[in-house]
Amino acid sequence: MDVSRLTPRIMKDGCNGVQGFINFATSIPRNFTNGGIRCPCRKCKNLKFLHQDVVTMHLLTKRFVEDYLCWYAHRELFVPDESMEEQVVGSTSSASNMHEVGNENSNSYKNMVMDAMRMSEGNVRECPIIEEEPNADAARFFDLLRDSNEPLWDGCTNHNKLSAVTQVFTIKSDHGLSEASYDKIIEWARSILPEGNRLKENFYAAKSIMKPLGLGYQKIDICPNFCMLYYLENAEMTACMTCGHSRYKPRTGRGKTLMAYKKLRYFPNTHRLQRLFISPRTAEHMTWHQSHHTVNGAMVHPSDGEAWKHFNSVHPHFSGESRNVRLGLCIDGFHPFESFAATYSCWLVILTVYNLPPGMCMRSEFMFLSMVIPGPSSPGRNIHVCLRPLIDELT
């Protein structure tokens, strides 16, 4: 996209540039609400619907809001821009500088939405005019993008609608709050915030914002003795085919939901791995394992070891593509309760992406929690039973 049509201060003819935006925005009927369109000036920030003449005056006097490079609030779509991609991807080759890529003042929650929905705001060019109804994925993307730009209340500069929900969710998780506790805190917070605040009213409403980010997991019933998973072809079974143990606990009352003795939590990895290639901040590092050179024979990464080289020689078709993902599997048990008197431990399965350089692959954000195996005892030699969903996804 020609940036000159977006930023009035660098336009040779500001009036013509603003008129071009007005012509585009008014050409799409769905942009109108009560006879007005969103005003993207620095004061209104796409939050107010005004008559097109008023919008024109605002843009000429107050200029466009910063970073509004593609008119997503007016139903314009993103497409890649090679020049911008070169600027972002080529700006660093060091893992320690990975987090410095991009604008330091950018909206981190908008970046999270871009990565989750497989788009990049930095890579923009002239986008096609879309007048038809957006599909479900596009609609979710526009909703999330709007939430990441919409302040928590008019005049708020510290938080937007998405950041507030995300941070309260983090507090709930860190301190083990119940849904009822969450709702009470939100009720109190809304009572002290300014009138017209946009904080979601309860846990259920907040989950509707977070769900499109793809942070969910699967619950899979498992035999208490780790003999089998009630999964795929065995999903309808009610007793273990090996030891005969019942799948469900006895009902304690009429109409009660059946409760399994033990549930495994599985966190899918495909989308998380895809985002490593989608985001320009990480995509260039996904081939580091093949492009780097060993210095003085020192082993600084698994790719320097004999086992890695042996795998490459045995599987040349796989190793010939440097973008193929190399994963390390780590399994460890821990005690989840503060009181060590209770003999209970659960087990975590964590994936490490060894495509990345040493300074990145061992960082917590690149170590993917893939599975939580419930206790109170270790799965022992039956660990392979628990790993089946992971193996099925990766093969």
# chains A, B, ... in the order shown; residues from 1 in each chain; ligands from 1
>>> residues_around(residues="Ser181 (chain A)", least_positions_apart="3", cutoff="12 Å", atoms="only C-alpha atoms", output="count of residues only")
16
>>> residues_around(residues="region 281-291 of chain A", least_positions_apart="6", cutoff="6 Å", atoms="only C-alpha atoms", output="MDAnalysis selection string")
chainID A and resid 322:323 355:356
>>> select_by_dssp(residues="region 124-293 of chain A", states="strand (DSSP E)", output="MDAnalysis selection string")
chainID A and resid 218:221 263:266
>>> closest_residue(among="A:Leu276, A:Asp183, A:Pro376, A:His245", to="Phe337 (chain A)", atoms="only C-alpha atoms")
A:Pro376
>>> atom_distance(atom1="CA of Gly36 (chain A)", atom2="CA of Gln52 (chain A)")
6.5 Å
>>> residues_around(residues="Ser370 (chain A)", least_positions_apart="6", cutoff="8 Å", atoms="only C-alpha atoms", output="compact mmCIF listing (two decimals) with C-alpha atoms, in the first residue's frame")
# COMPACT_ATOMS: atom_id res chain seq x y z
CA TYR A 266 -3.88 -32.08 25.89
CA PHE A 267 -2.80 -28.77 24.33
CA PRO A 268 -2.58 -28.99 20.50
CA ASN A 269 0.72 -27.85 19.01
CA LEU A 348 4.01 -32.32 32.37
CA VAL A 349 5.00 -33.00 28.78
CA ILE A 350 6.93 -30.09 27.26
CA LEU A 351 8.14 -29.66 23.68
CA LEU A 390 0.81 -35.96 20.68
>>> closest_residue(among="A:Glu201, A:Glu76, A:Glu393, A:Glu150", to="Ile28 (chain A)", atoms="only C-alpha atoms")
A:Glu76
>>> residues_around(residues="Lys263 (chain A)", least_positions_apart="4", cutoff="6 Å", atoms="only C-alpha atoms", output="NGL selection string")
:A and (220-222)
>>> write_last_selection(atoms="N, CA and C atoms", output="PDB file, in the first residue's frame")
ATOM      1  N   ILE A 220      -9.301 -35.531  27.784  1.00  0.00           N
ATOM      2  CA  ILE A 220      -9.390 -36.925  27.335  1.00  0.00           C
ATOM      3  C   ILE A 220      -9.404 -37.821  28.567  1.00  0.00           C
ATOM      4  N   ASP A 221     -10.457 -38.610  28.716  1.00  0.00           N
ATOM      5  CA  ASP A 221     -10.534 -39.541  29.844  1.00  0.00           C
ATOM      6  C   ASP A 221      -9.471 -40.626  29.689  1.00  0.00           C
ATOM      7  N   ILE A 222      -8.912 -41.038  30.834  1.00  0.00           N
ATOM      8  CA  ILE A 222      -7.862 -42.042  30.822  1.00  0.00           C
ATOM      9  C   ILE A 222      -8.112 -43.039  31.946  1.00  0.00           C
TER      10      ILE A 222
END
>>> residues_around(residues="His335 (chain A)", least_positions_apart="2", cutoff="7 Å", atoms="only C-alpha atoms", output="NGL selection string")
:A and (337 or 344-346)
>>> write_last_selection(atoms="all heavy atoms", output="PDB file, in the first residue's frame")
ATOM      1  N   PHE A 337       0.705 -29.070  45.027  1.00  0.00           N
ATOM      2  CA  PHE A 337       0.100 -28.515  46.235  1.00  0.00           C
ATOM      3  C   PHE A 337       1.181 -27.995  47.178  1.00  0.00           C
ATOM      4  O   PHE A 337       2.311 -28.493  47.200  1.00  0.00           O
ATOM      5  CB  PHE A 337      -0.755 -29.570  46.946  1.00  0.00           C
ATOM      6  CG  PHE A 337      -1.811 -30.172  46.058  1.00  0.00           C
ATOM      7  CD1 PHE A 337      -1.756 -31.507  45.705  1.00  0.00           C
ATOM      8  CD2 PHE A 337      -2.847 -29.391  45.562  1.00  0.00           C
ATOM      9  CE1 PHE A 337      -2.729 -32.070  44.889  1.00  0.00           C
ATOM     10  CE2 PHE A 337      -3.813 -29.941  44.741  1.00  0.00           C
ATOM     11  CZ  PHE A 337      -3.760 -31.274  44.399  1.00  0.00           C
ATOM     12  N   TYR A 344       0.890 -36.638  46.113  1.00  0.00           N
ATOM     13  CA  TYR A 344       0.264 -36.430  44.805  1.00  0.00           C
ATOM     14  C   TYR A 344       1.279 -35.737  43.897  1.00  0.00           C
ATOM     15  O   TYR A 344       1.949 -34.784  44.296  1.00  0.00           O
ATOM     16  CB  TYR A 344      -0.988 -35.563  44.926  1.00  0.00           C
ATOM     17  CG  TYR A 344      -1.788 -35.460  43.640  1.00  0.00           C
ATOM     18  CD1 TYR A 344      -2.931 -36.222  43.441  1.00  0.00           C
ATOM     19  CD2 TYR A 344      -1.399 -34.603  42.609  1.00  0.00           C
ATOM     20  CE1 TYR A 344      -3.658 -36.148  42.270  1.00  0.00           C
ATOM     21  CE2 TYR A 344      -2.113 -34.525  41.426  1.00  0.00           C
ATOM     22  CZ  TYR A 344      -3.251 -35.288  41.260  1.00  0.00           C
ATOM     23  OH  TYR A 344      -3.967 -35.210  40.089  1.00  0.00           O
ATOM     24  N   SER A 345       1.388 -36.207  42.695  1.00  0.00           N
ATOM     25  CA  SER A 345       2.213 -35.538  41.692  1.00  0.00           C
ATOM     26  C   SER A 345       1.539 -35.668  40.343  1.00  0.00           C
ATOM     27  O   SER A 345       0.883 -36.675  40.067  1.00  0.00           O
ATOM     28  CB  SER A 345       3.620 -36.153  41.630  1.00  0.00           C
ATOM     29  OG  SER A 345       3.555 -37.503  41.223  1.00  0.00           O
ATOM     30  N   CYS A 346       1.639 -34.628  39.537  1.00  0.00           N
ATOM     31  CA  CYS A 346       1.161 -34.703  38.156  1.00  0.00           C
ATOM     32  C   CYS A 346       2.356 -34.482  37.237  1.00  0.00           C
ATOM     33  O   CYS A 346       3.399 -33.977  37.655  1.00  0.00           O
ATOM     34  CB  CYS A 346       0.040 -33.697  37.888  1.00  0.00           C
ATOM     35  SG  CYS A 346       0.487 -31.974  38.070  1.00  0.00           S
TER      36      CYS A 346
END
